[in-house]
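Here the structure comes first, spelled out in structure tokens, and everything after it is commentary.
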Amino acid sequence: MKNIFAVSSIVIKELYRRKDFYVLFILTVLICLVMASVNIFNDKGVIRYLKEICLLLVWIASLVIAITTTARQIPAERENRTLFPLLAKPLTRTELLLGKFLGCWLASGLTLLCFYVFFGLLAGSREHHWPVVNYLQAGTLHWVMLGVVIAMTLLGSLVFAAPSSNATICFVIATGILIMGRHLNKVALHLPEPRRGILYSIYYAIPHFELFDMRDLIVHNWPPIAWQVCGLATLYALAYAAVFLIAACVVFRRRALN
Amino acid sequence: MWFEAWEGNRARSGDLLQTLLGDSRRIFANHFFVKADAYFHSGYYPTIFDNREAFETPHMAEDAGAVASNNQGDENGFLGKPRDWIDAFSRQFYPSIHTHLDEGGAQGHTASSGDLGDNSEVREILPWLRLSAELDPNSIRTYTVTAYWLRRQMGKVAEAEQFLRDGLRENPGSYEILFELGRIFDENHHDADRARNLWELALRNWQKVELTKPDPDNFLFLQIVSHLAMLEEREGNFHQALAYMELWKAHSMQPAKVQGRIDAVRQKISSAKSLSLEHPQPPNPIPE
């Protein structure tokens, strides 16, 4: 475990040394502040449009940071020729992979913390109340979902040729599932066989990221969801992350490093 | 320049959105109008993959009296029964109960005390309506719906009036906007004369525009005529009120109810006549 944490700490340090997070965070803040300055019929209490825009930017930024950070981990080690010295130490390939995963996941968590604190301050400045439980649930589920995305991207970094193609494919898949995942079964119902069977298979196979998207509940001030439901969703995400990580470990162990 | 005379040339307009998007901004305008209705329902809204029968006419427009309703089916159950365990589980993570913002929204629905909450939450639909109007200034229902909610729920009468005037500037002579302006003067400013003038102008414009069509907009005609009739009755102009009520009855889906009103007005006329016979007004005193 010590080795895993050591590798993960390097990834976290890389996050705050690179400018990705700062650029996206400042961009989000600027866009939200500009949108907040709009006069809507002289009413200072309008907030939901701002919450929606802010949360959309948070989700886009977090996906970009998670995917780009993860996609370059293994290829960067290979290009910088630090992979061989790393594995020459008493560090197995599995430990390296798990360390990279944990580092990217924790780094994403820190990123999310900053974004959600900003979101909470922005929303609280107009609503004058902080539904902490709701924000905690939304942030936790968001972080757990990013764990699945990071595991998927890590697998992709071992399968696809370049970090750019891996990042693009993972981003398209993640966005596609977020937008369409909930509706695939409805579309499948209207299709003839065998297309219906194929679409249903995809529907059951894919990790349903939209399960972790609580934006509508947060924007429109719905009550928090039951903690048991949160727990089940977390287990669902951890299962998928485990599947992707196991697959990544198997591929990495069989792959030649050069 | 020679191209500036072309019809639809974007360089004619100084508006950035119009220059960038051209006529495609009208598609976005409708999207944001529907988004405002989604906000009216606190996020509980059918997507293009769901049954939209009960949401053909946006509910915020229907409640505002701006358009006739074409809605059918169950507005509470467009999602239907869950098709599988993923569908059932996912309904915990997005709004899945029908509410309206003017009836308390999500908070009012869940308040155990039955308190409907703050009706001013309707304000949350305004940014999308404003954006929709900017993208398509010729969409008249955006102005009338926005003005209705501004003045009825938010108490922002001046803003509603200004918004309608902006709409009238973009759509000169629009009977819908004139009617809504008249409602402001009648219900908020209590200025019967200006309300009457606006509604009479709206009626004239309606006749100019709609009577040439094979399928005229009877919904707005009934609104205008019924409001004129009630205004005249309130002001004591019973004969004028009767004339409008006859028009109202001729096009109404419930002529019996309108006939009831006509009878009540006739009763008032005959009561007024008999009162003046019993107590004749003394002649004006001759000035010394």
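Labeling convention for the structure tokens: chains A, B, ... as they appear, residues from 1 per chain, ligands from 1 in order of appearance.
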Q. Residues at most 12 Å from Thr140 (chain A), counting only C-alpha atoms, excluding those fewer than 4 positions away in the same chain, as a VMD selection string?
A. chain A and resid 108 to 110 112 to 113 116 132 to 136 144 to 147 212 to 214 227 230 to 231 233 to 234 237
Take the selection from the previous step and output its residues with N, CA and C atoms, as a PDB file, in the first residue's frame.
```
ATOM      1  N   SER A 108      -8.668  14.363  -8.771  1.00  0.00           N
ATOM      2  CA  SER A 108     -10.010  14.780  -9.235  1.00  0.00           C
ATOM      3  C   SER A 108     -10.874  15.182  -8.055  1.00  0.00           C
ATOM      4  N   GLY A 109     -10.722  14.442  -6.959  1.00  0.00           N
ATOM      5  CA  GLY A 109     -11.498  14.778  -5.762  1.00  0.00           C
ATOM      6  C   GLY A 109     -11.160  16.155  -5.235  1.00  0.00           C
ATOM      7  N   LEU A 110      -9.863  16.478  -5.224  1.00  0.00           N
ATOM      8  CA  LEU A 110      -9.450  17.822  -4.765  1.00  0.00           C
ATOM      9  C   LEU A 110      -9.986  18.893  -5.698  1.00  0.00           C
ATOM     10  N   LEU A 112     -12.665  18.663  -7.518  1.00  0.00           N
ATOM     11  CA  LEU A 112     -14.107  18.787  -7.282  1.00  0.00           C
ATOM     12  C   LEU A 112     -14.391  19.586  -6.020  1.00  0.00           C
ATOM     13  N   LEU A 113     -13.572  19.380  -5.019  1.00  0.00           N
ATOM     14  CA  LEU A 113     -13.774  20.118  -3.764  1.00  0.00           C
ATOM     15  C   LEU A 113     -13.707  21.620  -4.011  1.00  0.00           C
ATOM     16  N   TYR A 116     -16.845  22.685  -6.090  1.00  0.00           N
ATOM     17  CA  TYR A 116     -18.103  22.673  -5.351  1.00  0.00           C
ATOM     18  C   TYR A 116     -18.128  23.725  -4.247  1.00  0.00           C
ATOM     19  N   VAL A 132     -26.229  21.692   2.659  1.00  0.00           N
ATOM     20  CA  VAL A 132     -24.925  21.013   2.705  1.00  0.00           C
ATOM     21  C   VAL A 132     -25.060  19.529   2.363  1.00  0.00           C
ATOM     22  N   VAL A 133     -26.129  18.912   2.856  1.00  0.00           N
ATOM     23  CA  VAL A 133     -26.310  17.474   2.612  1.00  0.00           C
ATOM     24  C   VAL A 133     -26.447  17.212   1.114  1.00  0.00           C
ATOM     25  N   ASN A 134     -27.253  18.059   0.453  1.00  0.00           N
ATOM     26  CA  ASN A 134     -27.444  17.899  -0.991  1.00  0.00           C
ATOM     27  C   ASN A 134     -26.123  18.041  -1.735  1.00  0.00           C
ATOM     28  N   TYR A 135     -25.358  19.080  -1.380  1.00  0.00           N
ATOM     29  CA  TYR A 135     -24.096  19.315  -2.079  1.00  0.00           C
ATOM     30  C   TYR A 135     -23.117  18.180  -1.800  1.00  0.00           C
ATOM     31  N   LEU A 136     -23.137  17.685  -0.564  1.00  0.00           N
ATOM     32  CA  LEU A 136     -22.238  16.580  -0.207  1.00  0.00           C
ATOM     33  C   LEU A 136     -22.564  15.343  -1.039  1.00  0.00           C
ATOM     34  N   VAL A 144     -17.288   9.746  -7.305  1.00  0.00           N
ATOM     35  CA  VAL A 144     -17.327   8.294  -7.510  1.00  0.00           C
ATOM     36  C   VAL A 144     -17.443   7.979  -9.002  1.00  0.00           C
ATOM     37  N   MET A 145     -18.244   8.777  -9.722  1.00  0.00           N
ATOM     38  CA  MET A 145     -18.391   8.581 -11.163  1.00  0.00           C
ATOM     39  C   MET A 145     -17.053   8.816 -11.861  1.00  0.00           C
ATOM     40  N   LEU A 146     -16.338   9.852 -11.408  1.00  0.00           N
ATOM     41  CA  LEU A 146     -15.036  10.141 -12.025  1.00  0.00           C
ATOM     42  C   LEU A 146     -14.071   8.984 -11.820  1.00  0.00           C
ATOM     43  N   GLY A 147     -14.242   8.243 -10.717  1.00  0.00           N
ATOM     44  CA  GLY A 147     -13.424   7.053 -10.499  1.00  0.00           C
ATOM     45  C   GLY A 147     -13.592   6.044 -11.629  1.00  0.00           C
ATOM     46  N   PHE A 212     -25.210   9.243 -11.552  1.00  0.00           N
ATOM     47  CA  PHE A 212     -24.465  10.041 -10.589  1.00  0.00           C
ATOM     48  C   PHE A 212     -24.651  11.540 -10.830  1.00  0.00           C
ATOM     49  N   ASP A 213     -25.509  11.867 -11.783  1.00  0.00           N
ATOM     50  CA  ASP A 213     -25.718  13.255 -12.168  1.00  0.00           C
ATOM     51  C   ASP A 213     -26.920  13.821 -11.402  1.00  0.00           C
ATOM     52  N   MET A 214     -26.631  14.533 -10.306  1.00  0.00           N
ATOM     53  CA  MET A 214     -27.707  15.074  -9.467  1.00  0.00           C
ATOM     54  C   MET A 214     -27.970  16.548  -9.754  1.00  0.00           C
ATOM     55  N   TRP A 227     -29.806   7.906   1.685  1.00  0.00           N
ATOM     56  CA  TRP A 227     -28.407   7.509   1.771  1.00  0.00           C
ATOM     57  C   TRP A 227     -28.191   6.067   1.290  1.00  0.00           C
ATOM     58  N   CYS A 230     -27.666   6.282  -2.337  1.00  0.00           N
ATOM     59  CA  CYS A 230     -26.299   6.764  -2.599  1.00  0.00           C
ATOM     60  C   CYS A 230     -25.303   5.630  -2.447  1.00  0.00           C
ATOM     61  N   GLY A 231     -25.514   4.851  -1.395  1.00  0.00           N
ATOM     62  CA  GLY A 231     -24.612   3.734  -1.136  1.00  0.00           C
ATOM     63  C   GLY A 231     -24.633   2.708  -2.254  1.00  0.00           C
ATOM     64  N   ALA A 233     -25.477   3.255  -5.367  1.00  0.00           N
ATOM     65  CA  ALA A 233     -24.845   3.854  -6.550  1.00  0.00           C
ATOM     66  C   ALA A 233     -23.322   3.794  -6.422  1.00  0.00           C
ATOM     67  N   THR A 234     -22.821   4.034  -5.214  1.00  0.00           N
ATOM     68  CA  THR A 234     -21.365   3.977  -4.986  1.00  0.00           C
ATOM     69  C   THR A 234     -20.843   2.567  -5.241  1.00  0.00           C
ATOM     70  N   ALA A 237     -20.663   1.940  -8.912  1.00  0.00           N
ATOM     71  CA  ALA A 237     -19.498   2.600  -9.531  1.00  0.00           C
ATOM     72  C   ALA A 237     -18.212   1.851  -9.197  1.00  0.00           C
TER      73      ALA A 237
END
```
Q. Taking only C-alpha atoms into account, which residues of chain B are within 9 Å of chain A, as a PyMOL selection string?
A. chain B and resi 39+42-44+49-50+83-84+86-87+89-95+105-107+110+121+123-128+130+150+156+159-160+163
Can you spit out the residues from that selection as a tab-separated table (two decimals), in the first residue's frame, using N, CA and C atoms?
```
chain	number	residue	atom	x	y	z
B	39	TYR	N	-38.14	24.57	-16.29
B	39	TYR	CA	-37.87	25.21	-14.99
B	39	TYR	C	-39.17	25.40	-14.22
B	42	SER	N	-39.73	22.50	-12.29
B	42	SER	CA	-38.58	22.12	-11.44
B	42	SER	C	-37.81	20.94	-12.00
B	43	GLY	N	-37.65	20.91	-13.30
B	43	GLY	CA	-36.81	19.90	-13.94
B	43	GLY	C	-37.54	18.65	-14.39
B	44	TYR	N	-38.80	18.48	-13.94
B	44	TYR	CA	-39.57	17.29	-14.34
B	44	TYR	C	-40.18	17.57	-15.70
B	49	PHE	N	-37.43	11.64	-26.15
B	49	PHE	CA	-37.66	10.20	-26.16
B	49	PHE	C	-38.89	9.81	-25.34
B	50	ASP	N	-39.50	10.78	-24.66
B	50	ASP	CA	-40.65	10.49	-23.80
B	50	ASP	C	-41.95	10.90	-24.47
B	83	ARG	N	-38.99	0.49	-17.01
B	83	ARG	CA	-38.86	-0.62	-17.96
B	83	ARG	C	-37.89	-1.69	-17.47
B	84	ASP	N	-36.98	-1.33	-16.58
B	84	ASP	CA	-36.00	-2.28	-16.07
B	84	ASP	C	-35.46	-1.71	-14.76
B	86	ILE	N	-32.54	-0.60	-14.00
B	86	ILE	CA	-31.70	0.60	-14.16
B	86	ILE	C	-32.61	1.82	-14.26
B	87	ASP	N	-33.68	1.70	-15.05
B	87	ASP	CA	-34.65	2.79	-15.20
B	87	ASP	C	-35.26	3.13	-13.85
B	89	PHE	N	-34.07	2.53	-10.82
B	89	PHE	CA	-33.06	3.08	-9.91
B	89	PHE	C	-32.70	4.52	-10.30
B	90	SER	N	-32.64	4.77	-11.61
B	90	SER	CA	-32.19	6.09	-12.05
B	90	SER	C	-33.18	7.19	-11.70
B	91	ARG	N	-34.47	6.81	-11.48
B	91	ARG	CA	-35.47	7.84	-11.17
B	91	ARG	C	-35.25	8.49	-9.81
B	92	GLN	N	-34.35	7.93	-9.01
B	92	GLN	CA	-34.02	8.56	-7.74
B	92	GLN	C	-33.12	9.77	-7.95
B	93	PHE	N	-32.49	9.86	-9.12
B	93	PHE	CA	-31.43	10.84	-9.32
B	93	PHE	C	-31.85	12.03	-10.18
B	94	TYR	N	-33.10	12.06	-10.60
B	94	TYR	CA	-33.58	13.24	-11.30
B	94	TYR	C	-35.03	13.47	-10.90
B	95	PRO	N	-35.55	14.69	-11.14
B	95	PRO	CA	-36.93	14.99	-10.75
B	95	PRO	C	-37.91	14.05	-11.45
B	105	GLY	N	-43.48	24.45	-6.19
B	105	GLY	CA	-42.34	23.75	-6.79
B	105	GLY	C	-41.94	22.53	-5.99
B	106	ALA	N	-40.67	22.20	-6.03
B	106	ALA	CA	-40.16	21.01	-5.36
B	106	ALA	C	-40.32	21.12	-3.85
B	107	GLN	N	-40.10	22.30	-3.30
B	107	GLN	CA	-40.20	22.49	-1.86
B	107	GLN	C	-41.64	22.41	-1.40
B	110	THR	N	-42.94	18.87	-1.18
B	110	THR	CA	-42.45	18.00	-0.13
B	110	THR	C	-42.68	18.55	1.26
B	121	GLU	N	-40.91	31.94	-6.57
B	121	GLU	CA	-39.93	31.07	-7.23
B	121	GLU	C	-40.16	31.05	-8.73
B	123	ARG	N	-39.87	33.31	-10.56
B	123	ARG	CA	-38.83	34.18	-11.12
B	123	ARG	C	-37.79	33.36	-11.88
B	124	GLU	N	-37.64	32.09	-11.50
B	124	GLU	CA	-36.56	31.29	-12.10
B	124	GLU	C	-36.76	31.01	-13.58
B	125	ILE	N	-38.00	31.20	-14.09
B	125	ILE	CA	-38.20	30.96	-15.52
B	125	ILE	C	-37.81	32.19	-16.35
B	126	LEU	N	-37.67	33.33	-15.68
B	126	LEU	CA	-37.48	34.59	-16.41
B	126	LEU	C	-36.21	34.67	-17.26
B	127	PRO	N	-35.06	34.23	-16.77
B	127	PRO	CA	-33.86	34.35	-17.62
B	127	PRO	C	-34.02	33.65	-18.97
B	128	TRP	N	-34.64	32.48	-18.97
B	128	TRP	CA	-34.78	31.73	-20.23
B	128	TRP	C	-35.80	32.39	-21.15
B	130	ARG	N	-36.36	35.61	-21.19
B	130	ARG	CA	-35.69	36.82	-21.68
B	130	ARG	C	-34.74	36.47	-22.83
B	150	LEU	N	-44.51	38.11	-14.71
B	150	LEU	CA	-43.85	39.25	-14.05
B	150	LEU	C	-44.84	40.00	-13.18
B	156	LYS	N	-44.05	42.75	-10.55
B	156	LYS	CA	-43.19	43.70	-11.27
B	156	LYS	C	-43.98	44.25	-12.47
B	159	GLU	N	-41.89	46.49	-15.04
B	159	GLU	CA	-41.03	45.67	-15.90
B	159	GLU	C	-41.87	44.94	-16.95
B	160	ALA	N	-43.04	44.45	-16.52
B	160	ALA	CA	-43.92	43.74	-17.46
B	160	ALA	C	-44.37	44.68	-18.57
B	163	PHE	N	-41.52	45.43	-20.94
B	163	PHE	CA	-41.22	44.28	-21.78
B	163	PHE	C	-42.24	44.16	-22.91
```
**Q.** In region 66-283 of chain B, DSSP alpha helix (DSSP H) residues written as an NGL selection string
**A.** :B and (85-90 or 105-110 or 126-135 or 140-152 or 157-170 or 175-183 or 192-210 or 218-235 or 238-251 or 255-278)
Q | Atomic distance CA of Ala88 (chain B) - CA of Ala174 (chain A), expressed in Å with one decimal | A | 21.5 Å
Q) Do you know which residues are at most 7 Å from Ala202 (chain B) counting only C-alpha atoms, after dropping those on the same chain fewer than 6 positions away, and could you put them as number ranges by chain? A) B: 175, 178-179
Using only C-alpha atoms, which residues of region 35-154 of chain A come within 12 Å of region 176-179 of chain A, and what is the closest atom pair for each, with the distance in Å to one decimal? Give it as JSON lines, sorted by chain and residue number.
```
{"residue": "A:Trp59", "atom": "CA", "partner": "A:Leu178", "partner_atom": "CA", "distance": 10.7}
{"residue": "A:Ile60", "atom": "CA", "partner": "A:Leu178", "partner_atom": "CA", "distance": 11.3}
{"residue": "A:Leu63", "atom": "CA", "partner": "A:Leu178", "partner_atom": "CA", "distance": 11.3}
{"residue": "A:His142", "atom": "CA", "partner": "A:Leu178", "partner_atom": "CA", "distance": 12.0}
{"residue": "A:Met145", "atom": "CA", "partner": "A:Leu178", "partner_atom": "CA", "distance": 10.7}
{"residue": "A:Val149", "atom": "CA", "partner": "A:Ile177", "partner_atom": "CA", "distance": 11.1}
```
Q.
One number please: CA of Leu257 (chain A) to CA of Thr153 (chain A), in Å, one decimal.
A.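 Answer for the CA of Leu257 (chain A) to CA of Thr153 (chain A) separation: 18.4 Å.
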Q | Computed interatomic separation between CA of Thr212 (chain B) and CA of Gly173 (chain B) (Å) | A |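 These two atoms are separated by 16.2 Å.
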Q. What lies within 12 Å of Leu24 (chain A) using only C-alpha atoms, ignoring chain neighbours under 4 positions off, as a ChimeraX atom specification?
A. /A:18-20,28-31,57-65,111-112,114-115
Once you have the residues from the selection above, write them out as a compact mmCIF listing (two decimals), in the first residue's frame, restricted to C-alpha atoms.
```txt
# COMPACT_ATOMS: atom_id res chain seq x y z
CA ARG A 18 0.33 21.96 -14.19
CA LYS A 19 -1.90 24.80 -15.33
CA ASP A 20 -4.90 22.71 -16.46
CA THR A 28 -15.44 28.77 -14.68
CA VAL A 29 -15.31 31.54 -12.11
CA LEU A 30 -15.15 34.26 -14.74
CA ILE A 31 -18.02 32.88 -16.79
CA LEU A 57 -19.02 24.04 -16.33
CA VAL A 58 -17.96 22.06 -13.25
CA TRP A 59 -18.89 18.79 -14.94
CA ILE A 60 -17.14 19.67 -18.19
CA ALA A 61 -14.03 20.87 -16.37
CA SER A 62 -13.89 17.84 -14.07
CA LEU A 63 -14.23 15.43 -16.99
CA VAL A 64 -11.52 17.25 -18.93
CA ILE A 65 -9.15 17.29 -15.95
CA THR A 111 -10.48 19.53 -7.99
CA LEU A 112 -14.11 18.79 -7.28
CA CYS A 114 -12.56 23.47 -5.08
CA PHE A 115 -15.29 23.64 -7.71
```
**Q.** Selection: 9 Å around Leu97 (chain A), only C-alpha atoms, excl. self and same-chain fewer than 6 positions, as a list in words
**A.** Ile4, Val7, Ile74, Leu154, Leu245, Ala248, Cys249 and Phe252 of chain A
Write out the residues from the selection above, keeping C-alpha atoms, as a PDB file, in the first residue's frame.
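Saved to out_2.pdb:
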```pdb
ATOM      1  CA  ILE A   4       0.608   2.804  -4.157  1.00  0.00           C
ATOM      2  CA  VAL A   7       2.892   6.845  -6.721  1.00  0.00           C
ATOM      3  CA  ILE A  74       1.470   5.763 -18.527  1.00  0.00           C
ATOM      4  CA  LEU A 154      -6.389   4.141 -17.669  1.00  0.00           C
ATOM      5  CA  LEU A 245      -8.844  -1.727 -13.353  1.00  0.00           C
ATOM      6  CA  ALA A 248      -6.025  -2.653 -17.252  1.00  0.00           C
ATOM      7  CA  CYS A 249      -3.826  -4.728 -14.937  1.00  0.00           C
ATOM      8  CA  PHE A 252      -0.383  -4.002 -18.621  1.00  0.00           C
TER       9      PHE A 252
END
```
